[in-house]
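Structure file coords-v3.cif (mmCIF, C-alpha atoms) is printed below.
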```cif
data_start
loop_
_atom_site.label_atom_id
_atom_site.label_comp_id
_atom_site.auth_asym_id
_atom_site.auth_seq_id
_atom_site.Cartn_x
_atom_site.Cartn_y
_atom_site.Cartn_z
CA MET C 14 14.59 22.91 16.81
CA ARG C 15 11.53 21.18 15.34
CA GLN C 16 13.20 20.76 11.95
CA GLU C 17 16.32 19.33 13.60
CA CYS C 18 14.24 16.80 15.51
CA VAL C 19 12.33 15.87 12.43
CA HIS C 20 15.55 15.51 10.45
CA ALA C 21 17.00 13.24 13.11
CA TYR C 22 13.83 11.16 13.24
CA VAL C 23 13.55 10.78 9.49
CA ALA C 24 17.25 10.01 9.16
CA GLY C 25 17.30 7.52 12.00
CA ALA C 26 13.89 5.88 11.93
CA LEU C 27 12.60 6.08 8.39
CA VAL C 28 15.67 6.09 6.22
CA GLY C 29 15.75 2.31 6.40
CA LEU C 30 12.75 2.31 4.08
CA CYS C 31 14.92 3.77 1.35
CA LEU C 32 17.17 0.73 1.08
CA LEU C 33 17.09 -0.30 -2.55
CA ALA C 34 17.29 -3.97 -1.67
CA SER C 35 16.34 -5.61 1.58
CA SER C 36 16.73 -9.38 1.62
CA VAL C 37 15.76 -11.79 4.35
CA ALA C 38 16.29 -15.50 4.10
CA TRP C 39 14.99 -18.08 6.55
CA ALA C 40 15.28 -21.83 6.39
CA GLN C 41 16.33 -23.38 3.13
CA GLY C 42 13.45 -23.89 0.71
CA GLU C 43 12.18 -22.90 -2.69
CA LYS C 44 13.13 -19.24 -3.08
CA ILE C 45 10.36 -16.74 -3.85
CA LYS C 46 11.35 -13.18 -4.74
CA VAL C 47 8.81 -10.57 -3.62
CA GLY C 48 8.68 -6.80 -4.14
CA LEU C 49 7.18 -4.69 -1.34
CA LEU C 50 6.80 -1.02 -0.49
CA MET C 51 7.78 -1.85 3.12
CA ILE C 52 4.75 -0.06 4.56
CA ASN C 53 2.08 -1.20 7.02
CA ALA C 54 0.03 -2.66 4.17
CA ASP C 55 2.82 -5.25 3.85
CA ALA C 56 2.32 -6.41 7.44
CA GLY C 57 0.67 -9.67 6.36
CA VAL C 58 3.83 -10.68 4.50
CA PHE C 59 6.04 -9.60 7.41
CA LEU C 60 3.98 -11.71 9.82
CA ALA C 61 3.95 -14.72 7.50
CA LEU C 62 7.75 -14.55 7.42
CA GLU C 63 8.26 -14.06 11.13
CA GLU C 64 5.65 -16.59 12.24
CA GLY C 65 6.99 -19.21 9.85
CA TYR C 66 3.93 -19.50 7.61
CA PHE C 67 6.01 -19.44 4.43
CA ARG C 68 8.49 -21.84 5.97
CA GLU C 69 5.62 -24.23 6.68
CA GLN C 70 5.00 -24.24 2.94
CA GLY C 71 8.63 -25.06 2.18
CA LEU C 72 9.40 -21.54 0.94
CA THR C 73 12.25 -19.11 1.49
CA VAL C 74 11.07 -15.57 0.74
CA GLU C 75 13.41 -12.78 -0.34
CA LEU C 76 12.13 -9.21 -0.06
CA THR C 77 13.14 -6.25 -2.22
CA TYR C 78 12.06 -2.67 -1.53
CA PHE C 79 10.42 -0.54 -4.25
CA SER C 80 9.09 2.99 -3.92
CA SER C 81 5.97 2.31 -6.02
CA SER C 82 4.09 -0.46 -7.83
CA GLY C 83 5.09 0.91 -11.25
CA GLY C 84 8.45 1.60 -12.85
CA PRO C 85 11.25 -0.74 -11.74
CA GLN C 86 8.91 -3.10 -9.88
CA MET C 87 6.65 -3.52 -12.91
CA ALA C 88 9.70 -4.16 -15.08
CA ALA C 89 10.95 -6.82 -12.67
CA LEU C 90 7.56 -8.53 -12.68
CA THR C 91 7.42 -8.40 -16.46
CA THR C 92 10.80 -10.09 -16.88
CA GLY C 93 10.16 -12.60 -14.11
CA GLU C 94 12.98 -11.22 -11.97
CA LEU C 95 10.29 -10.95 -9.29
CA ASP C 96 7.81 -13.74 -8.61
CA ALA C 97 5.38 -11.50 -6.76
CA GLY C 98 4.98 -7.78 -6.19
CA SER C 99 2.69 -5.36 -4.43
CA GLY C 100 1.10 -1.96 -4.65
CA SER C 101 -1.92 -0.24 -6.11
CA ILE C 102 -3.43 -1.13 -9.48
CA SER C 103 -1.87 1.75 -11.37
CA PRO C 104 -2.35 2.80 -15.02
CA GLY C 105 0.94 1.08 -15.78
CA ILE C 106 -0.64 -2.24 -14.87
CA TYR C 107 -3.65 -1.66 -17.12
CA ASN C 108 -1.29 -0.60 -19.93
CA SER C 109 0.98 -3.58 -19.40
CA VAL C 110 -1.89 -6.05 -19.61
CA ALA C 111 -3.25 -4.26 -22.70
CA GLY C 112 0.21 -4.59 -24.23
CA GLY C 113 0.29 -8.34 -23.74
CA VAL C 114 2.10 -8.66 -20.39
CA ASN C 115 0.56 -11.56 -18.49
CA MET C 116 1.23 -10.28 -14.97
CA ARG C 117 -1.89 -10.76 -12.84
CA VAL C 118 -3.52 -9.22 -9.78
CA VAL C 119 -4.12 -12.17 -7.47
CA ALA C 120 -5.34 -10.75 -4.13
CA SER C 121 -5.99 -7.55 -2.25
CA LYS C 122 -3.71 -6.77 0.68
CA SER C 123 -5.30 -3.66 2.18
CA ARG C 124 -8.23 -1.33 1.74
CA VAL C 125 -9.39 2.07 2.90
CA GLY C 126 -10.65 1.56 6.42
CA PRO C 127 -12.44 3.81 8.91
CA ARG C 128 -9.38 4.24 11.13
CA GLY C 129 -7.15 6.50 9.06
CA SER C 130 -5.50 4.34 6.40
CA GLY C 131 -4.88 7.40 4.22
CA ARG C 132 -5.11 11.11 4.92
CA TYR C 133 -4.39 14.49 3.32
CA MET C 134 -2.24 16.55 5.66
CA VAL C 135 -1.53 20.27 5.45
CA ARG C 136 1.64 21.71 6.97
CA ARG C 137 1.14 23.53 10.26
CA GLY C 138 2.61 26.76 8.94
CA LEU C 139 -0.46 27.29 6.76
CA LEU C 140 -2.89 27.13 9.66
CA GLU C 141 -4.18 30.33 11.20
CA PRO C 142 -5.36 30.37 14.84
CA GLY C 143 -9.13 30.26 15.08
CA LYS C 144 -9.60 29.82 11.34
CA PRO C 145 -10.46 26.37 9.98
CA PHE C 146 -8.52 25.21 6.93
CA ALA C 147 -10.96 24.13 4.19
CA ILE C 148 -10.17 21.92 1.22
CA LYS C 149 -10.79 24.84 -1.12
CA ASP C 150 -7.86 26.60 0.59
CA ILE C 151 -5.37 24.27 -1.08
CA LYS C 152 -5.84 26.19 -4.34
CA GLY C 153 -2.42 27.21 -5.64
CA LYS C 154 -0.63 24.95 -3.16
CA VAL C 155 1.94 22.20 -3.75
CA ILE C 156 0.63 18.69 -3.08
CA ALA C 157 2.92 15.68 -2.56
CA LEU C 158 1.78 12.40 -4.09
CA ASN C 159 3.73 9.15 -4.27
CA SER C 160 2.76 8.70 -7.92
CA VAL C 161 1.72 11.13 -10.64
CA GLY C 162 -0.64 8.74 -12.39
CA GLY C 163 -1.79 6.02 -10.01
CA LEU C 164 -4.30 5.76 -7.19
CA SER C 165 -2.83 8.87 -5.60
CA ARG C 166 -4.07 10.93 -8.53
CA LEU C 167 -7.49 9.29 -8.47
CA TYR C 168 -7.74 10.02 -4.75
CA MET C 169 -6.61 13.60 -5.32
CA ASP C 170 -9.39 13.98 -7.88
CA GLY C 171 -11.90 13.04 -5.18
CA LEU C 172 -10.35 15.56 -2.79
CA LEU C 173 -10.38 18.37 -5.34
CA LYS C 174 -13.98 17.73 -6.33
CA LYS C 175 -15.02 17.90 -2.68
CA GLY C 176 -13.37 21.32 -2.49
CA GLY C 177 -14.82 22.52 -5.80
CA LEU C 178 -11.36 22.56 -7.42
CA LYS C 179 -9.69 21.21 -10.58
CA GLU C 180 -6.30 19.61 -11.14
CA THR C 181 -5.01 22.84 -12.65
CA ASP C 182 -5.68 24.58 -9.33
CA VAL C 183 -2.80 22.78 -7.59
CA VAL C 184 0.84 21.84 -8.23
CA VAL C 185 1.76 18.16 -7.84
CA ARG C 186 5.15 17.02 -6.62
CA VAL C 187 5.99 13.31 -6.64
CA LEU C 188 7.81 11.99 -3.56
CA PRO C 189 8.18 8.60 -1.84
CA PHE C 190 5.99 8.32 1.26
CA ASN C 191 9.03 8.29 3.54
CA ASP C 192 10.19 11.69 2.21
CA MET C 193 6.87 13.47 2.62
CA VAL C 194 7.01 14.18 6.36
CA GLY C 195 10.36 15.91 6.02
CA ALA C 196 9.12 17.87 2.99
CA LEU C 197 6.13 19.12 4.98
CA ALA C 198 8.35 20.08 7.92
CA GLN C 199 10.73 22.01 5.66
CA GLY C 200 7.94 23.75 3.75
CA ALA C 201 8.95 22.10 0.48
CA VAL C 202 5.33 21.00 0.01
CA ASP C 203 2.09 22.39 1.43
CA VAL C 204 -0.08 19.28 1.44
CA ALA C 205 0.81 15.58 1.40
CA PHE C 206 -1.19 12.44 0.89
CA LEU C 207 0.12 10.20 3.65
CA VAL C 208 -0.41 6.60 4.70
CA GLN C 209 0.47 5.00 8.01
CA PRO C 210 2.78 5.16 9.86
CA PHE C 211 3.60 8.55 8.33
CA ILE C 212 0.21 10.01 9.28
CA SER C 213 1.01 9.34 12.93
CA VAL C 214 4.53 10.73 12.52
CA ALA C 215 3.22 14.02 11.10
CA GLU C 216 0.56 14.35 13.78
CA GLU C 217 2.75 13.32 16.72
CA LYS C 218 5.55 15.68 15.70
CA GLY C 219 3.15 18.57 15.09
CA ILE C 220 4.20 18.81 11.46
CA GLY C 221 0.81 18.58 9.78
CA ALA C 222 -2.93 18.50 10.36
CA GLY C 223 -5.49 16.39 8.55
CA ILE C 224 -7.88 18.10 6.17
CA ALA C 225 -9.54 15.02 4.65
CA ASP C 226 -9.53 11.33 5.47
CA LEU C 227 -9.53 8.84 2.63
CA TRP C 228 -12.44 7.00 4.28
CA ASP C 229 -14.64 10.04 3.59
CA LEU C 230 -13.65 10.05 -0.08
CA PHE C 231 -13.24 6.37 -1.07
CA PRO C 232 -14.51 4.08 1.73
CA GLY C 233 -13.41 0.47 1.33
CA HIS C 234 -11.34 1.12 -1.79
CA MET C 235 -8.48 -1.34 -2.37
CA THR C 236 -5.20 0.41 -1.62
CA ASN C 237 -2.62 -2.35 -1.97
CA ASN C 238 -2.69 -5.60 -3.90
CA LEU C 239 -0.62 -8.71 -4.52
CA PHE C 240 0.68 -9.33 -8.05
CA TYR C 241 2.10 -12.49 -9.62
CA SER C 242 4.44 -12.54 -12.61
CA ASP C 243 3.55 -14.64 -15.62
CA HIS C 244 6.62 -16.81 -15.00
CA PHE C 245 5.49 -17.50 -11.42
CA ILE C 246 1.97 -18.39 -12.56
CA ARG C 247 2.95 -20.60 -15.48
CA ASN C 248 6.17 -22.26 -14.34
CA ARG C 249 5.88 -22.35 -10.55
CA THR C 250 2.16 -22.86 -10.09
CA ALA C 251 2.37 -25.10 -7.02
CA LEU C 252 4.72 -22.63 -5.31
CA ALA C 253 2.38 -19.75 -6.17
CA GLU C 254 -0.41 -21.63 -4.38
CA LYS C 255 1.80 -22.26 -1.35
CA PHE C 256 2.87 -18.62 -1.20
CA MET C 257 -0.77 -17.49 -1.23
CA THR C 258 -1.61 -19.81 1.65
CA GLY C 259 1.24 -18.47 3.76
CA PHE C 260 0.36 -14.90 2.82
CA LEU C 261 -3.29 -15.28 3.86
CA LYS C 262 -2.27 -16.78 7.21
CA GLY C 263 -0.19 -13.65 7.81
CA GLN C 264 -3.10 -11.41 6.84
CA ARG C 265 -5.36 -13.24 9.27
CA TYR C 266 -2.87 -13.03 12.10
CA PHE C 267 -2.83 -9.26 11.62
CA TYR C 268 -6.64 -9.07 11.50
CA ASP C 269 -6.93 -11.16 14.65
CA ALA C 270 -4.61 -8.78 16.49
CA VAL C 271 -5.69 -5.39 15.16
CA VAL C 272 -9.41 -5.83 14.53
CA LYS C 273 -10.57 -8.78 16.64
CA LYS C 274 -8.04 -8.30 19.46
CA LYS C 275 -7.37 -12.05 19.63
CA GLU C 276 -3.61 -11.79 19.29
CA SER C 277 -1.00 -9.50 20.81
CA LEU C 278 -0.84 -6.12 19.11
CA ASP C 279 2.57 -5.56 20.64
CA SER C 280 3.98 -8.57 18.81
CA VAL C 281 2.57 -7.26 15.52
CA VAL C 282 4.12 -3.85 16.16
CA ASP C 283 7.50 -5.43 16.94
CA ILE C 284 7.46 -7.47 13.73
CA VAL C 285 6.38 -4.57 11.50
CA ALA C 286 9.03 -2.37 13.14
CA LYS C 287 11.68 -4.96 12.37
CA PHE C 288 10.91 -5.07 8.66
CA SER C 289 9.98 -1.43 8.07
CA ARG C 290 12.96 -0.17 10.12
CA THR C 291 10.67 2.12 12.14
CA ALA C 292 12.22 2.88 15.53
CA ASP C 293 9.36 4.65 17.31
CA ARG C 294 7.08 1.90 18.64
CA LYS C 295 4.48 4.37 19.92
CA LEU C 296 3.96 5.94 16.53
CA LEU C 297 4.06 2.60 14.79
CA ARG C 298 1.40 1.22 17.14
CA LEU C 299 -0.88 4.09 16.16
CA GLY C 300 -0.14 3.46 12.51
CA VAL C 301 -0.73 -0.28 12.66
CA SER C 302 -4.03 0.28 14.47
CA GLY C 303 -5.20 2.37 11.51
CA THR C 304 -4.29 -0.21 8.87
CA GLU C 305 -7.04 -2.32 7.28
CA LEU C 306 -5.85 -5.65 5.84
CA THR C 307 -8.11 -8.12 4.02
CA PRO C 308 -8.26 -11.53 5.78
CA ASN C 309 -9.70 -13.28 2.72
CA GLY C 310 -7.80 -11.25 0.10
CA GLU C 311 -11.10 -10.46 -1.61
CA MET C 312 -11.09 -8.22 -4.69
CA ASP C 313 -13.76 -5.93 -6.12
CA LEU C 314 -13.77 -6.39 -9.91
CA LYS C 315 -16.27 -3.56 -10.41
CA GLU C 316 -13.93 -1.23 -8.60
CA ILE C 317 -11.08 -2.27 -10.89
CA GLN C 318 -13.32 -1.55 -13.90
CA ASP C 319 -14.46 1.83 -12.53
CA ASP C 320 -10.85 2.86 -11.89
CA GLN C 321 -9.93 1.84 -15.41
CA ASP C 322 -12.73 4.02 -16.79
CA TRP C 323 -11.39 7.00 -14.82
CA TYR C 324 -7.81 6.46 -15.98
CA PHE C 325 -9.02 6.13 -19.57
CA GLN C 326 -10.98 9.38 -19.29
CA LYS C 327 -7.85 11.14 -18.02
CA GLY C 328 -5.73 9.74 -20.85
CA LEU C 329 -3.55 7.71 -18.48
CA ILE C 330 -4.38 4.50 -20.32
CA LYS C 331 -4.83 4.23 -24.08
CA THR C 332 -6.68 0.94 -24.41
CA LYS C 333 -9.22 -0.60 -22.07
CA VAL C 334 -8.89 -4.28 -21.23
CA ASP C 335 -11.26 -6.90 -19.89
CA VAL C 336 -10.55 -6.80 -16.15
CA ASN C 337 -10.88 -10.58 -16.09
CA ARG C 338 -7.61 -10.63 -18.07
CA MET C 339 -5.95 -8.69 -15.27
CA VAL C 340 -7.13 -10.86 -12.39
CA ASP C 341 -6.38 -14.49 -11.57
CA LEU C 342 -8.48 -15.71 -8.65
CA ARG C 343 -7.50 -19.37 -8.64
CA PHE C 344 -4.60 -19.03 -6.21
CA LEU C 345 -6.72 -17.07 -3.75
CA GLN C 346 -9.60 -19.52 -4.11
CA SER C 347 -7.25 -22.44 -3.49
CA ALA C 348 -5.80 -20.81 -0.37
CA VAL C 349 -9.23 -19.94 1.02
CA GLN C 350 -10.36 -23.50 0.37
CA THR C 351 -7.31 -24.78 2.24
CA LEU C 352 -7.65 -22.41 5.20
CA GLY C 353 -11.41 -21.91 5.18
CA ILE C 354 -13.23 -18.60 4.85
CA TYR C 355 -12.26 -16.14 7.57
CA ARG C 356 -15.32 -14.86 9.38
#
```

Please go through the file and, once you have read it, give me the structure as structure tokens.
Amino acid sequence: MRQECVHAYVAGALVGLCLLASSVAWAQGEKIKVGLLMINADAGVFLALEEGYFREQGLTVELTYFSSSGGPQMAALTTGELDAGSGSISPGIYNSVAGGVNMRVVASKSRVGPRGSGRYMVRRGLLEPGKPFAIKDIKGKVIALNSVGGLSRLYMDGLLKKGGLKETDVVVRVLPFNDMVGALAQGAVDVAFLVQPFISVAEEKGIGAGIADLWDLFPGHMTNNLFYSDHFIRNRTALAEKFMTGFLKGQRYFYDAVVKKKESLDSVVDIVAKFSRTADRKLLRLGVSGTELTPNGEMDLKEIQDDQDWYFQKGLIKTKVDVNRMVDLRFLQSAVQTLGIYR
């Protein structure tokens, strides 16, 4: 019965995330093509669309869903098919910049917060009554990650070290976030690294239990970022500035509602549900409440350098680059100057 319920929930509520292309057009304006993962970390963009912040800037924004920041999304940014994209700063991004691609990281969108922005979940079937499940107990188990070589692997390294384990002690299976809950329920994987709202789905449905929160492993680490293509930066500079201003207004609306309680959380939940195609408002409310967006889009350059060092050590990147070549702060600085620093 539980598997049937889970199957129905995943099929009905989460399958919308798997749409290969999701386009939304508002009032006529300069069209900006943006790639998103359609997760809670994208809430600032959703809110900017729904509240008309992009429209205020004379922009029409078209969204396309991607399952990760690498692969097809990186290719689309490289060719200029996308103006902007999103996701973690993966090895593919370091490698692309080292190879001469002028795509840039222009702002952070979300970070690891203290309210459950990322969590390792073990399937309930592995739990024994009265016996706590320790991290070391994942030895020999199958772990689901959304990427084999990005932040997910770096985060897994932190988890394994805390449990006194090595990468060779586990088996990694790569799955999109929206497939992980079903995989846990069916026993296809033993452990999954989940983000919201999937953490709340797994907990609410009794599918999995948390064994480590990302806050305990990498507090404050940037989890999702905004990227600009070289074409967008060079040939549509004024529009890139306008997009950043609208984006930051959306980020701040979210922060006002979720952190400072100045705006309606219900309205945020409704808007995120609309774009992410998540039907269960109760679970989504829990998920949104655990999401940490950055109201000033601030980036930690030392963190980007430290991550690069780790990827280089693991052989995931071949050539190190000056992180200043990867980052372009002028659009963010312009938007913050226009809107003022959020305090």

Exercise. Could you tell me which residues the PyMOL selection byres ((chain C and resi 86) around 10) grabs in this file, written as a VMD selection string?
Key: chain C and resid 47 to 50 77 to 85 87 to 91 94 to 95 97 to 100

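Shortest atom-to-atom contact with Phe146 in chain C among C:Val281, C:Ala225, C:Met339, C:Leu230: C:Ala225, counting only C-alpha atoms.
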
Self-check item: Shell of 8 Å around Met235 in chain C, all atoms listed in the file, local chain residues under 6 positions omitted, as a list in words
Solution: Ser101, Ser121, Lys122, Ser123, Arg124, Val125, Met312 and Asp313 of chain C

Keeping only C-alpha atoms, write those residues as a PDB file, in the coordinates of the input.
```
ATOM      1  CA  SER C 101      -1.920  -0.240  -6.110  1.00  0.00           C
ATOM      2  CA  SER C 121      -5.990  -7.550  -2.250  1.00  0.00           C
ATOM      3  CA  LYS C 122      -3.710  -6.770   0.680  1.00  0.00           C
ATOM      4  CA  SER C 123      -5.300  -3.660   2.180  1.00  0.00           C
ATOM      5  CA  ARG C 124      -8.230  -1.330   1.740  1.00  0.00           C
ATOM      6  CA  VAL C 125      -9.390   2.070   2.900  1.00  0.00           C
ATOM      7  CA  MET C 312     -11.090  -8.220  -4.690  1.00  0.00           C
ATOM      8  CA  ASP C 313     -13.760  -5.930  -6.120  1.00  0.00           C
TER       9      ASP C 313
END
```

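Nearest to Asp229 in chain C of all the residues C:Tyr355, C:Tyr168, C:Tyr66, C:Trp323 is C:Tyr168, counting all atoms listed in the file.
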
Self-check item: Nearest to Ser242 in chain C by atom-to-atom distance, counting all atoms listed in the file, from C:Pro145, C:Gly93, C:Gly219, C:Gly57
Solution: C:Gly93

Quiz prompt | Separation of CA of Glu311 in chain C from CA of Leu345 in chain C, in Å and rounded to one decimal | solution = 8.2 Å

Quiz item: Do you know which residues the PyMOL selection byres ((chain C and resi 308) around 9) returns on this file, as a PyMOL selection string?
Solution: chain C and resi 122+261-269+306-307+309-311+354-356

Practice problem: Enter the distance from CA of Gly129 in chain C to CA of Ser103 in chain C, in Å, rounded to one decimal. | Solution: 21.6 Å
